[in-house]
$ cat work-v8.cif   # mmCIF, C-alpha atoms
data_entry
loop_
_atom_site.label_atom_id
_atom_site.label_comp_id
_atom_site.auth_asym_id
_atom_site.auth_seq_id
_atom_site.Cartn_x
_atom_site.Cartn_y
_atom_site.Cartn_z
CA MET A 1 -22.48 -3.26 0.75
CA ASP A 2 -23.07 -2.58 4.45
CA LEU A 3 -19.97 -3.89 6.23
CA SER A 4 -21.92 -4.16 9.49
CA ARG A 5 -24.26 -6.84 8.08
CA ARG A 6 -21.70 -9.60 7.81
CA PRO A 7 -18.23 -10.35 9.16
CA LEU A 8 -15.44 -9.37 6.82
CA VAL A 9 -12.11 -11.18 6.72
CA ILE A 10 -9.62 -10.50 3.90
CA GLU A 11 -6.29 -12.29 3.81
CA THR A 12 -3.26 -11.10 1.89
CA THR A 13 0.33 -11.94 1.08
CA GLU A 14 2.62 -8.93 1.40
CA MET A 15 5.58 -8.36 -0.92
CA HIS A 16 7.68 -5.53 -2.29
CA THR A 17 9.59 -4.96 -5.50
CA GLY A 18 12.26 -2.30 -5.25
CA GLY A 19 10.52 -1.01 -2.13
CA GLU A 20 7.14 -0.66 -3.84
CA PRO A 21 4.46 -2.62 -1.96
CA VAL A 22 2.49 -5.49 -3.49
CA ARG A 23 -0.50 -6.53 -1.39
CA ILE A 24 -1.87 -9.73 -3.00
CA VAL A 25 -5.44 -10.55 -1.94
CA THR A 26 -5.58 -14.31 -1.40
CA SER A 27 -9.07 -14.69 0.12
CA GLY A 28 -12.10 -12.76 1.33
CA TYR A 29 -13.16 -10.85 -1.78
CA PRO A 30 -16.56 -11.62 -3.31
CA PRO A 31 -16.63 -13.07 -6.84
CA VAL A 32 -16.01 -10.55 -9.63
CA PRO A 33 -18.28 -11.14 -12.64
CA GLY A 34 -17.53 -10.03 -16.18
CA ALA A 35 -16.93 -11.64 -19.56
CA THR A 36 -13.58 -9.85 -20.00
CA ILE A 37 -10.95 -8.55 -17.64
CA LEU A 38 -11.82 -4.95 -18.52
CA ALA A 39 -15.45 -5.72 -17.67
CA LYS A 40 -14.25 -7.08 -14.32
CA ARG A 41 -12.25 -3.90 -13.81
CA ARG A 42 -15.37 -1.81 -14.43
CA TYR A 43 -17.36 -4.03 -12.04
CA VAL A 44 -15.00 -3.62 -9.09
CA ARG A 45 -14.78 0.11 -9.72
CA GLU A 46 -18.56 0.47 -9.69
CA ASN A 47 -19.51 -2.14 -7.07
CA LEU A 48 -16.59 -3.09 -4.83
CA ASP A 49 -14.60 0.10 -4.50
CA HIS A 50 -15.20 0.20 -0.74
CA LEU A 51 -12.94 -2.86 -0.48
CA ARG A 52 -10.16 -1.10 -2.40
CA ARG A 53 -10.39 1.82 0.03
CA LEU A 54 -10.41 -0.56 2.99
CA LEU A 55 -7.19 -2.28 1.86
CA MET A 56 -5.31 0.65 0.32
CA PHE A 57 -6.21 3.42 2.77
CA GLU A 58 -5.28 3.89 6.42
CA PRO A 59 -5.37 2.30 8.97
CA ARG A 60 -4.52 -0.87 6.99
CA GLY A 61 -2.62 0.81 4.18
CA HIS A 62 -1.28 4.25 3.40
CA PHE A 63 -1.30 6.91 0.68
CA ASP A 64 1.20 5.00 -1.49
CA MET A 65 -0.11 1.44 -0.97
CA TYR A 66 -0.52 -0.86 -3.97
CA GLY A 67 -2.60 -4.02 -4.29
CA VAL A 68 -3.44 -6.96 -6.53
CA LEU A 69 -6.76 -8.78 -6.82
CA LEU A 70 -6.85 -12.24 -8.41
CA VAL A 71 -9.76 -12.85 -10.81
CA GLU A 72 -10.70 -15.57 -13.28
CA PRO A 73 -8.80 -15.29 -16.59
CA ASP A 74 -10.66 -15.10 -19.88
CA LEU A 75 -7.66 -15.51 -22.19
CA PRO A 76 -6.56 -19.00 -23.27
CA GLY A 77 -3.18 -19.90 -21.82
CA ALA A 78 -3.31 -17.49 -18.87
CA ASP A 79 -2.12 -19.03 -15.60
CA LEU A 80 -3.77 -16.26 -13.60
CA ALA A 81 -5.52 -12.94 -14.12
CA VAL A 82 -5.22 -9.87 -11.94
CA LEU A 83 -6.61 -6.42 -11.31
CA PHE A 84 -4.35 -3.72 -9.89
CA MET A 85 -5.46 -1.15 -7.32
CA HIS A 86 -4.00 1.93 -5.69
CA ASN A 87 -4.97 5.16 -3.94
CA GLU A 88 -7.12 6.48 -6.81
CA GLY A 89 -8.53 3.43 -8.55
CA TYR A 90 -7.43 0.60 -10.83
CA SER A 91 -4.44 0.47 -13.19
CA THR A 92 -4.24 -1.40 -16.48
CA MET A 93 -0.67 -2.64 -16.01
CA CYS A 94 1.89 -2.89 -13.22
CA GLY A 95 5.35 -4.30 -13.85
CA HIS A 96 6.55 -4.30 -10.26
CA ALA A 97 3.46 -6.33 -9.30
CA VAL A 98 3.98 -8.74 -12.22
CA ILE A 99 7.51 -9.40 -10.96
CA ALA A 100 6.14 -10.19 -7.49
CA LEU A 101 3.27 -12.26 -8.88
CA GLY A 102 5.64 -14.38 -10.95
CA ARG A 103 7.60 -15.40 -7.88
CA TRP A 104 4.45 -15.85 -5.78
CA ALA A 105 2.77 -18.06 -8.41
CA VAL A 106 5.71 -20.47 -8.41
CA ASP A 107 6.24 -20.38 -4.63
CA THR A 108 2.59 -21.23 -3.97
CA GLY A 109 2.50 -24.01 -6.57
CA ARG A 110 -0.09 -22.23 -8.65
CA VAL A 111 2.36 -22.72 -11.52
CA PRO A 112 4.58 -25.84 -11.27
CA LEU A 113 8.29 -25.09 -10.87
CA ARG A 114 10.40 -25.79 -13.95
CA ALA A 115 14.17 -25.21 -13.99
CA PRO A 116 16.05 -23.25 -15.12
CA GLU A 117 13.12 -20.85 -15.74
CA THR A 118 9.43 -21.20 -15.01
CA PRO A 119 7.08 -19.44 -17.44
CA VAL A 120 4.07 -17.69 -15.88
CA ALA A 121 1.40 -16.17 -18.13
CA ILE A 122 -0.42 -13.33 -16.36
CA GLN A 123 -3.50 -11.69 -17.83
CA CYS A 124 -3.51 -7.99 -16.96
CA PRO A 125 -6.15 -5.47 -18.01
CA CYS A 126 -3.81 -4.35 -20.83
CA GLY A 127 -3.38 -7.92 -22.15
CA LEU A 128 -1.36 -11.08 -21.62
CA VAL A 129 2.05 -10.55 -20.01
CA ARG A 130 4.53 -13.42 -20.09
CA ALA A 131 6.87 -13.66 -17.11
CA ARG A 132 9.83 -15.98 -16.63
CA VAL A 133 10.95 -16.83 -13.12
CA ALA A 134 14.58 -17.87 -12.71
CA ILE A 135 15.04 -20.91 -10.47
CA GLU A 136 18.08 -20.29 -8.28
CA ASP A 137 19.26 -23.09 -5.95
CA GLY A 138 15.88 -24.76 -6.41
CA ARG A 139 13.86 -21.65 -5.48
CA PRO A 140 12.22 -18.82 -7.46
CA GLY A 141 14.49 -15.80 -7.83
CA ALA A 142 14.74 -12.97 -10.34
CA VAL A 143 11.81 -12.42 -12.69
CA ARG A 144 11.65 -10.96 -16.17
CA PHE A 145 8.53 -10.30 -18.20
CA GLU A 146 7.65 -9.44 -21.79
CA SER A 147 5.32 -6.49 -22.18
CA VAL A 148 2.29 -6.05 -24.34
CA PRO A 149 3.15 -4.01 -27.47
CA ALA A 150 4.66 -0.73 -26.28
CA PHE A 151 4.89 2.43 -28.34
CA ALA A 152 5.61 6.13 -28.46
CA PHE A 153 2.19 7.75 -28.77
CA ALA A 154 3.65 11.22 -29.38
CA LEU A 155 7.05 12.92 -29.12
CA ASP A 156 7.86 16.49 -28.10
CA VAL A 157 4.27 17.44 -27.35
CA PRO A 158 3.98 21.03 -26.05
CA VAL A 159 2.13 21.20 -22.74
CA GLU A 160 1.40 24.40 -20.85
CA VAL A 161 1.90 23.74 -17.13
CA PRO A 162 0.09 26.25 -14.90
CA GLY A 163 2.48 28.15 -12.69
CA HIS A 164 5.49 27.07 -14.72
CA GLY A 165 4.97 27.59 -18.42
CA PRO A 166 5.45 25.42 -21.49
CA VAL A 167 7.32 22.11 -21.44
CA ARG A 168 7.72 19.41 -24.05
CA VAL A 169 6.80 15.86 -23.14
CA ASP A 170 6.88 12.46 -24.76
CA ILE A 171 3.84 10.23 -24.29
CA GLY A 172 4.77 6.56 -24.07
CA TYR A 173 2.63 3.46 -23.62
CA GLY A 174 3.91 0.43 -21.72
CA GLY A 175 0.62 -1.12 -20.67
CA ALA A 176 -0.37 2.32 -19.36
CA PHE A 177 0.26 5.80 -20.73
CA TYR A 178 2.89 8.07 -19.17
CA ALA A 179 4.13 11.58 -19.84
CA LEU A 180 7.94 11.54 -19.90
CA LEU A 181 10.32 14.48 -19.53
CA PRO A 182 13.58 15.38 -17.78
CA ALA A 183 13.30 16.73 -14.25
CA ALA A 184 15.71 19.46 -15.43
CA ALA A 185 12.75 21.05 -17.25
CA PHE A 186 11.73 22.22 -13.75
CA GLY A 187 15.26 22.85 -12.52
CA LEU A 188 15.15 19.59 -10.56
CA ASP A 189 17.35 16.51 -10.24
CA VAL A 190 15.72 13.10 -9.74
CA ARG A 191 18.58 11.94 -7.52
CA ARG A 192 19.03 15.04 -5.39
CA SER A 193 15.95 17.28 -5.35
CA PRO A 194 13.42 17.03 -2.50
CA LEU A 195 10.80 14.41 -3.27
CA ARG A 196 8.00 16.87 -2.54
CA ASP A 197 9.23 19.13 -5.35
CA LEU A 198 9.47 16.22 -7.79
CA VAL A 199 5.96 15.03 -6.91
CA ASP A 200 4.51 18.50 -7.31
CA ALA A 201 6.14 19.00 -10.72
CA ALA A 202 5.09 15.58 -12.01
CA ALA A 203 1.52 15.96 -10.76
CA ARG A 204 1.18 19.32 -12.48
CA VAL A 205 2.41 17.82 -15.75
CA THR A 206 -0.09 14.97 -15.45
CA GLU A 207 -3.04 17.28 -14.90
CA ALA A 208 -1.98 19.62 -17.71
CA ALA A 209 -1.34 16.77 -20.16
CA LYS A 210 -4.67 15.14 -19.33
CA ALA A 211 -6.42 18.36 -20.27
CA GLN A 212 -4.35 19.16 -23.36
CA VAL A 213 -3.36 15.85 -24.99
CA PRO A 214 -6.19 13.54 -26.12
CA LEU A 215 -5.18 9.88 -25.96
CA SER A 216 -6.38 6.82 -27.83
CA HIS A 217 -5.52 3.15 -27.79
CA PRO A 218 -6.14 0.75 -30.69
CA ASP A 219 -7.42 -2.07 -28.46
CA ASP A 220 -9.96 -0.50 -26.12
CA PRO A 221 -10.98 3.02 -25.02
CA ASP A 222 -10.69 1.90 -21.37
CA LEU A 223 -6.90 1.87 -21.89
CA ALA A 224 -6.75 5.45 -23.15
CA PHE A 225 -5.98 7.47 -20.04
CA LEU A 226 -2.81 9.12 -18.73
CA TYR A 227 -1.72 7.15 -15.67
CA GLY A 228 1.04 9.49 -14.53
CA THR A 229 4.26 11.34 -15.25
CA ILE A 230 7.82 10.05 -15.13
CA LEU A 231 10.57 12.58 -14.46
CA THR A 232 13.96 11.36 -15.68
CA ASP A 233 17.61 12.29 -15.39
CA GLY A 234 17.60 12.99 -19.15
CA ALA A 235 20.01 10.14 -19.90
CA ASP A 236 17.92 8.58 -22.66
CA ALA A 237 20.73 7.50 -25.00
CA TYR A 238 21.97 3.94 -24.52
CA GLY A 239 24.92 3.65 -22.17
CA PRO A 240 26.45 1.46 -19.46
CA GLU A 241 25.40 3.64 -16.52
CA PRO A 242 21.91 3.30 -15.00
CA THR A 243 19.41 6.02 -15.84
CA ALA A 244 17.28 7.29 -12.97
CA ASN A 245 13.63 8.26 -12.90
CA VAL A 246 10.77 8.87 -10.49
CA CYS A 247 7.22 7.92 -11.41
CA VAL A 248 4.26 9.79 -9.92
CA PHE A 249 0.98 8.09 -10.80
CA ALA A 250 -2.69 7.90 -9.83
CA GLU A 251 -3.40 10.54 -7.14
CA ARG A 252 0.18 11.80 -6.61
CA GLU A 253 1.31 8.28 -5.63
CA VAL A 254 5.08 7.75 -5.74
CA ASP A 255 6.49 4.50 -7.10
CA ARG A 256 9.39 3.28 -4.99
CA SER A 257 10.51 0.96 -7.79
CA PRO A 258 11.82 2.03 -11.21
CA THR A 259 8.25 1.23 -12.49
CA GLY A 260 7.96 -1.79 -14.78
CA SER A 261 5.38 -0.31 -17.13
CA GLY A 262 7.29 2.97 -16.97
CA VAL A 263 10.55 1.28 -17.97
CA THR A 264 8.60 -0.30 -20.83
CA ALA A 265 7.30 3.09 -21.95
CA ARG A 266 10.75 4.68 -21.66
CA ILE A 267 12.35 1.92 -23.77
CA ALA A 268 9.60 2.33 -26.39
CA VAL A 269 10.23 6.08 -26.59
CA GLN A 270 14.02 5.67 -26.62
CA HIS A 271 13.74 3.13 -29.43
CA ALA A 272 11.39 5.40 -31.40
CA ARG A 273 14.01 8.16 -31.12
CA GLY A 274 16.79 5.84 -32.31
CA LEU A 275 18.56 6.06 -28.94
CA ILE A 276 18.54 2.34 -28.16
CA ALA A 277 18.69 -0.63 -30.50
CA LEU A 278 16.95 -3.98 -30.24
CA GLY A 279 18.65 -6.20 -27.69
CA GLN A 280 20.56 -3.44 -25.90
CA GLU A 281 19.92 -3.80 -22.17
CA ARG A 282 19.81 -0.80 -19.83
CA GLU A 283 19.47 -0.40 -16.09
CA PHE A 284 16.82 1.90 -14.63
CA GLU A 285 17.15 3.22 -11.09
CA SER A 286 14.44 4.44 -8.72
CA ILE A 287 14.43 6.83 -5.77
CA THR A 288 15.19 3.89 -3.43
CA GLY A 289 18.25 2.92 -5.49
CA ALA A 290 16.47 -0.21 -6.72
CA ARG A 291 17.18 -1.22 -10.32
CA PHE A 292 15.27 -2.90 -13.12
CA THR A 293 16.71 -3.98 -16.43
CA GLY A 294 14.97 -3.22 -19.70
CA ARG A 295 15.53 -4.02 -23.36
CA ALA A 296 13.51 -4.01 -26.58
CA LEU A 297 13.18 -7.55 -27.92
CA ALA A 298 11.29 -7.18 -31.19
CA ARG A 299 9.43 -4.71 -33.36
CA GLY A 300 5.73 -4.97 -34.06
CA LYS A 301 2.57 -2.93 -34.41
CA ALA A 302 -0.15 -1.71 -32.08
CA GLY A 303 -2.85 -0.57 -34.45
CA PRO A 304 -1.31 2.31 -36.42
CA PHE A 305 1.66 2.66 -34.04
CA ASP A 306 5.13 1.20 -34.52
CA ALA A 307 5.63 -0.85 -31.37
CA VAL A 308 8.21 -2.93 -29.55
CA THR A 309 8.00 -5.84 -27.16
CA VAL A 310 10.02 -4.90 -24.08
CA GLU A 311 11.54 -7.23 -21.50
CA VAL A 312 11.83 -5.90 -17.94
CA GLY A 313 13.63 -7.69 -15.12
CA GLY A 314 13.79 -7.31 -11.34
CA ARG A 315 13.39 -9.01 -7.96
CA ALA A 316 10.57 -9.14 -5.43
CA TYR A 317 10.65 -10.08 -1.75
CA TYR A 318 8.15 -11.18 0.88
CA THR A 319 7.37 -8.98 3.86
CA GLY A 320 4.62 -10.99 5.56
CA THR A 321 0.98 -12.02 5.55
CA CYS A 322 -2.08 -10.20 6.84
CA ARG A 323 -5.60 -11.02 8.00
CA PHE A 324 -7.75 -7.91 7.89
CA THR A 325 -11.07 -7.45 9.69
CA VAL A 326 -13.53 -4.63 10.37
CA GLU A 327 -15.39 -4.13 13.62
CA PRO A 328 -18.99 -3.09 13.01
CA ASP A 329 -18.82 -0.03 15.27
CA ASP A 330 -15.48 1.30 13.93
CA PRO A 331 -16.22 4.75 12.46
CA LEU A 332 -12.88 4.75 10.58
CA GLY A 333 -12.94 1.08 9.61
CA GLY A 334 -13.77 1.78 5.96
CA GLY A 335 -10.48 3.64 5.47
CA PHE A 336 -9.22 7.19 5.27
CA LEU A 337 -6.19 9.04 3.87
CA LEU A 338 -3.98 11.71 5.38
CA ARG A 339 -1.22 13.37 3.41
#
$ encode --input "work-v8.cif" --output "C-alpha cells"
Amino acid sequence: MDLSRRPLVIETTEMHTGGEPVRIVTSGYPPVPGATILAKRRYVRENLDHLRRLLMFEPRGHFDMYGVLLVEPDLPGADLAVLFMHNEGYSTMCGHAVIALGRWAVDTGRVPLRAPETPVAIQCPCGLVRARVAIEDGRPGAVRFESVPAFAFALDVPVEVPGHGPVRVDIGYGGAFYALLPAAAFGLDVRRSPLRDLVDAAARVTEAAKAQVPLSHPDDPDLAFLYGTILTDGADAYGPEPTANVCVFAEREVDRSPTGSGVTARIAVQHARGLIALGQEREFESITGARFTGRALARGKAGPFDAVTVEVGGRAYYTGTCRFTVEPDDPLGGGFLLR
C-alpha cells in the first residue's frame, strides 16, 4: 500500500507490564480477513507488514517495542482476539500483553465488570487463553491467566554454539517455543552480568538451536518455530525465593518483564523434571525487578506430549494514548531501526 495515496491515522492505547511495552491498536488498521486467527496472522505478515514496521520501528517505536492488533475472533466464547507484533514479525503468544489486555478489556467496557474477578477470554494465535481480572476497590487490578497446554518438548538437548562450544538446553512450549538454560553455561549471571553479554549469548543459542533442533507442534505447523532463548539463574527447583531470568526473543529483542509465555514454558519444564508439583506457586523475576507468579494447575496432553495448564499472574499499567500519522513527503515515515 502506498502511504502517500491516503491519509493514515492509527490510534493506540499505551501500557506496560513489568516495564515491557504493550501498544494496543484501537483504530486505523484496515480489516484483516481470514477464516482462522493463524490465517489472519499470515495475512498481516504478507500484506500489512508495513504497518507493523511503522508502529514498532523508530521514530514511533524502538528496537524493543511490542504491539497488539485486535482482530475478529473465530472461536466460540472468545471476548476478543489479538495478533502480537514486535521487531521481527508476529508472535503466537504473549503473556505480558494478555495481562495488559485483560485490564484494558474491563476498563473499556468491552467485557462487563464482575466482582470479585472478571473473566476475559482472549483468542491468541496459539489458542484460547482465559484471563481473570481482580476487581480491587471497584477497579481492575492484578490479572492472572491460564495458558494453552504447555509442555517440555525436549530436555538436555545438545546444541553446538559457534564461538562457545556445546551447551545443553531444554526446549519448552508455553504458547511459543523457547530454549532454556542457565546463564552460568556462559559464565554469566542474569542479575549481574552486562545486558549486552546476556543478549549476545541468548541470541547465539537461538540461532544454533534453530539450525540443530527440529520442532513440531501437534496443533499447527505455524506454531513450530523457536521464538527465543531464556537464560535463567539455574534455580529451577521449587522454593520460596524468586527465580530470575532474561528472555531474548524475535530479533534480539529483550523482554523487560519476566515473560508470561516464558514463565509458562519454565513451569512446564520444571514440572516435567519433577522440580515443582501441581499447585506450587513460584515467583519469577525479570531484569527490571518485576515479578510474575506461576503455577501448574492441571495435567493434560498436547498431542503426544504430557502437558500442564499453567496460571501466570502479574500487573499492567497505563502510560498514555497515541495518535500516529505519516506525512506524505517524510522519507523516514515508514520506520527504521538503529541498534
$ resolve_selection --input "work-v8.cif" --expression "the PyMOL selection byres ((chain A and resi 11) around 8)" --output "list in words"
Val9, Ile10, Thr12, Thr13, Val25, Thr26, Ser27, Gly28, Thr321, Cys322, Arg323 and Phe324 of chain A
$ resolve_selection --input "work-v8.cif" --expression "the PyMOL selection byres ((chain A and resi 286) around 8)" --output "ChimeraX atom specification"
/A:18,244-246,256-259,284-285,287-291
$ axis_aligned_box --input "work-v8.cif" --around "range 55-58 of chain A" --padding-each-side "4 Å" --output "JSON"
{"center_x": -6.2, "center_y": 0.8, "center_z": 3.4, "size_x": 9.9, "size_y": 14.2, "size_z": 14.1}
$ atom_distance --input "work-v8.cif" --atom1 "CA of Leu69 in chain A" --atom2 "CA of Arg52 in chain A"
9.5 Å
$ resolve_selection --input "work-v8.cif" --expression "the PyMOL selection byres ((chain A and resi 74-86) around 10)" --output "short mmCIF file (atom, residue, chain, number, x, y, z; two decimals) with C-alpha atoms, keeping the file's coordinate frame"
data_model
loop_
_atom_site.label_atom_id
_atom_site.label_comp_id
_atom_site.auth_asym_id
_atom_site.auth_seq_id
_atom_site.Cartn_x
_atom_site.Cartn_y
_atom_site.Cartn_z
CA VAL A 22 2.49 -5.49 -3.49
CA ARG A 23 -0.50 -6.53 -1.39
CA ILE A 24 -1.87 -9.73 -3.00
CA GLY A 34 -17.53 -10.03 -16.18
CA ALA A 35 -16.93 -11.64 -19.56
CA THR A 36 -13.58 -9.85 -20.00
CA ILE A 37 -10.95 -8.55 -17.64
CA LEU A 38 -11.82 -4.95 -18.52
CA LYS A 40 -14.25 -7.08 -14.32
CA ARG A 41 -12.25 -3.90 -13.81
CA VAL A 44 -15.00 -3.62 -9.09
CA ARG A 45 -14.78 0.11 -9.72
CA ASP A 49 -14.60 0.10 -4.50
CA ARG A 52 -10.16 -1.10 -2.40
CA ARG A 53 -10.39 1.82 0.03
CA LEU A 55 -7.19 -2.28 1.86
CA MET A 56 -5.31 0.65 0.32
CA PHE A 57 -6.21 3.42 2.77
CA HIS A 62 -1.28 4.25 3.40
CA PHE A 63 -1.30 6.91 0.68
CA ASP A 64 1.20 5.00 -1.49
CA MET A 65 -0.11 1.44 -0.97
CA TYR A 66 -0.52 -0.86 -3.97
CA GLY A 67 -2.60 -4.02 -4.29
CA VAL A 68 -3.44 -6.96 -6.53
CA LEU A 69 -6.76 -8.78 -6.82
CA LEU A 70 -6.85 -12.24 -8.41
CA VAL A 71 -9.76 -12.85 -10.81
CA GLU A 72 -10.70 -15.57 -13.28
CA PRO A 73 -8.80 -15.29 -16.59
CA ASN A 87 -4.97 5.16 -3.94
CA GLU A 88 -7.12 6.48 -6.81
CA GLY A 89 -8.53 3.43 -8.55
CA TYR A 90 -7.43 0.60 -10.83
CA SER A 91 -4.44 0.47 -13.19
CA THR A 92 -4.24 -1.40 -16.48
CA MET A 93 -0.67 -2.64 -16.01
CA CYS A 94 1.89 -2.89 -13.22
CA ALA A 97 3.46 -6.33 -9.30
CA VAL A 98 3.98 -8.74 -12.22
CA LEU A 101 3.27 -12.26 -8.88
CA GLY A 102 5.64 -14.38 -10.95
CA ALA A 105 2.77 -18.06 -8.41
CA ARG A 110 -0.09 -22.23 -8.65
CA VAL A 111 2.36 -22.72 -11.52
CA PRO A 119 7.08 -19.44 -17.44
CA VAL A 120 4.07 -17.69 -15.88
CA ALA A 121 1.40 -16.17 -18.13
CA ILE A 122 -0.42 -13.33 -16.36
CA GLN A 123 -3.50 -11.69 -17.83
CA CYS A 124 -3.51 -7.99 -16.96
CA PRO A 125 -6.15 -5.47 -18.01
CA GLY A 127 -3.38 -7.92 -22.15
CA LEU A 128 -1.36 -11.08 -21.62
CA VAL A 129 2.05 -10.55 -20.01
CA ARG A 130 4.53 -13.42 -20.09
CA PHE A 249 0.98 8.09 -10.80
CA ALA A 250 -2.69 7.90 -9.83
CA GLU A 251 -3.40 10.54 -7.14
CA GLU A 253 1.31 8.28 -5.63
#
$ residues_around --input "work-v8.cif" --residues "range 177-191 of chain A" --least-positions-apart "2" --cutoff "8 Å" --atoms "all atoms listed in the file" --output "number ranges by chain"
A: 164, 167-175, 193, 197-198, 201, 205-206, 209, 224-234, 244-246, 262, 265-266, 287
$ atom_distance --input "work-v8.cif" --atom1 "CA of Gly334 in chain A" --atom2 "CA of Leu51 in chain A"
8.0 Å
$ atom_distance --input "work-v8.cif" --atom1 "CA of Gly313 in chain A" --atom2 "CA of Gly294 in chain A"
6.5 Å
$ residues_around --input "work-v8.cif" --residues "Val143 in chain A" --least-positions-apart "5" --cutoff "7 Å" --atoms "only C-alpha atoms" --output "list in words"
Ile99, Gly102, Ala131, Arg132, Val133, Ala134, Gly313, Gly314 and Arg315 of chain A
$ closest_residue --input "work-v8.cif" --among "A:Ala296, A:Leu338, A:Ala115, A:Ala142" --to "Ala100 in chain A" --atoms "all atoms listed in the file"
A:Ala142
$ closest_residue --input "work-v8.cif" --among "A:Ala316, A:Leu275, A:Val199, A:Val159" --to "Gly141 in chain A" --atoms "all atoms listed in the file"
A:Ala316
$ build_atoms --input "work-v8.cif" --residues "range 140-146 of chain A" --atoms "all heavy atoms" --output "CSV table (one decimal), in the frame of the given file"
chain,number,residue,atom,x,y,z
A,140,PRO,N,12.4,-20.0,-6.6
A,140,PRO,CA,12.2,-18.8,-7.5
A,140,PRO,C,13.1,-17.6,-7.1
A,140,PRO,O,13.2,-17.3,-5.9
A,140,PRO,CB,10.7,-18.5,-7.3
A,140,PRO,CG,10.1,-19.8,-6.7
A,140,PRO,CD,11.2,-20.4,-5.9
A,141,GLY,N,13.6,-17.0,-8.1
A,141,GLY,CA,14.5,-15.8,-7.8
A,141,GLY,C,14.1,-14.6,-8.7
A,141,GLY,O,13.0,-14.1,-8.6
A,142,ALA,N,15.0,-14.1,-9.5
A,142,ALA,CA,14.7,-13.0,-10.3
A,142,ALA,C,13.7,-13.3,-11.4
A,142,ALA,O,13.5,-14.4,-11.8
A,142,ALA,CB,16.0,-12.5,-11.1
A,143,VAL,N,12.9,-12.3,-11.8
A,143,VAL,CA,11.8,-12.4,-12.7
A,143,VAL,C,12.0,-11.4,-13.8
A,143,VAL,O,12.4,-10.3,-13.6
A,143,VAL,CB,10.5,-12.2,-12.0
A,143,VAL,CG1,9.3,-12.3,-13.0
A,143,VAL,CG2,10.3,-13.1,-10.8
A,144,ARG,N,11.7,-11.9,-15.0
A,144,ARG,CA,11.6,-11.0,-16.2
A,144,ARG,C,10.3,-11.2,-16.9
A,144,ARG,O,9.8,-12.3,-16.9
A,144,ARG,CB,12.8,-11.1,-17.1
A,144,ARG,CG,13.1,-12.5,-17.6
A,144,ARG,CD,14.5,-12.7,-18.2
A,144,ARG,NE,14.7,-14.1,-18.6
A,144,ARG,CZ,14.6,-14.6,-19.9
A,144,ARG,NH1,14.2,-13.7,-20.8
A,144,ARG,NH2,14.9,-15.8,-20.1
A,145,PHE,N,9.8,-10.1,-17.5
A,145,PHE,CA,8.5,-10.3,-18.2
A,145,PHE,C,8.6,-9.6,-19.5
A,145,PHE,O,9.3,-8.6,-19.7
A,145,PHE,CB,7.3,-9.8,-17.4
A,145,PHE,CG,7.3,-8.3,-17.1
A,145,PHE,CD1,6.7,-7.4,-18.1
A,145,PHE,CD2,7.8,-7.8,-16.0
A,145,PHE,CE1,6.7,-6.1,-17.9
A,145,PHE,CE2,7.8,-6.4,-15.8
A,145,PHE,CZ,7.2,-5.5,-16.7
A,146,GLU,N,7.8,-10.1,-20.5
A,146,GLU,CA,7.6,-9.4,-21.8
A,146,GLU,C,6.4,-8.6,-21.8
A,146,GLU,O,5.3,-9.2,-21.5
A,146,GLU,CB,7.7,-10.5,-22.9
A,146,GLU,CG,9.0,-11.2,-23.1
A,146,GLU,CD,9.0,-12.2,-24.2
A,146,GLU,OE1,8.0,-12.1,-25.1
A,146,GLU,OE2,9.9,-13.0,-24.3
